[in-house]
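To start, the structure under review is shown below, and the notes come after it.
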Amino acid sequence: MSEVFQGYERQYCEISETLSQQCTSAAALIGGGEQKKQKVSEINLGLQDGEALLRKMDLEARSLPPTVKTTLLAKLREYKNDLNNLKSEVKRITSPNPSARSDLLESDMADALAVADNQRGRLLMTTERLNQSTDRLKDTRRTTLETEELGVSILQDLHQQRQSLLHAHSTLHGVDDTISKSKKVLTTMSKRINRNKIIVSSITVALVMAILLIIYFKLTH
């Protein structure tokens, strides 16, 4: 979840809690004295601050990916309902009808505050669940990054092994060429040796025949 949204959310929860306490204090004041007017003025300023924060939260939520945006907008609707309840409390507090104020102090105020407290409780629980989901997403993202780094390392190792295999293949190819050249040299040498053997044999035969002829002529004469 967006850290900016979380910051706005914490500020709003603080403002909402303060406004609830101020409404309780203002409702306990009897009449329309300066103290009550001052309290109501402070509440109205707090409501304006709350509205400004909700607008910022809305803009921030809509700038996020759809999966996160949907959840945050649902939370934002609950915060808006909470703020509307506070506005309703202020209207009842400032109502000119004495009996209405009396009813507010005795029943309506208690009911409204109970609803507001219950809603704030649900909002806090929702916030906690979202924070837990955010932590899980961070853990998942960290695991994904670690897996990605491991994959990159494996690819680099495979690339190095491929280069080693290509180098070995090139070396073997060079050895094959050397062996082929050596075979050609040996074949040539073998042919020359055979040719030399034939020449030597021919010379030997010629010498033997010459010797035999010489012996023949000496014996006949």
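To be explicit about the labels: the chains of the structure tokens are called A, B, and onward in the order shown, and within each one the residues are counted from 1, while ligands get numbers from 1 in the order they are shown.
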
Note to self: Can you tell me which residues surround Leu123 of chain A at a distance of at most 12 Å, considering only C-alpha atoms, apart from same-chain residues fewer than 2 positions away, and format the answer as a PyMOL selection string?
What the structure shows: chain A and resi 9-10+12-13+16+72+74-82+116-121+125-130

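The coordinates place atom CA of Ser2 of chain A at 15.5 Å from atom CA of Asp139 of chain A.
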
Next item on the list: Measure the distance from atom CA of Gln38 of chain A to atom CA of Gln22 of chain A in Å and round it to one decimal.
Entry: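 If I compute the distance from atom CA of Gln38 of chain A to atom CA of Gln22 of chain A, I get 10.8 Å.
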
Checklist line | Residues near Leu53 of chain A, cut-off 10 Å, only C-alpha atoms, skip fewer than 2 positions along chain, as a ChimeraX atom specification | finding: /A:5,7-9,11-12,15,47-51,55-59
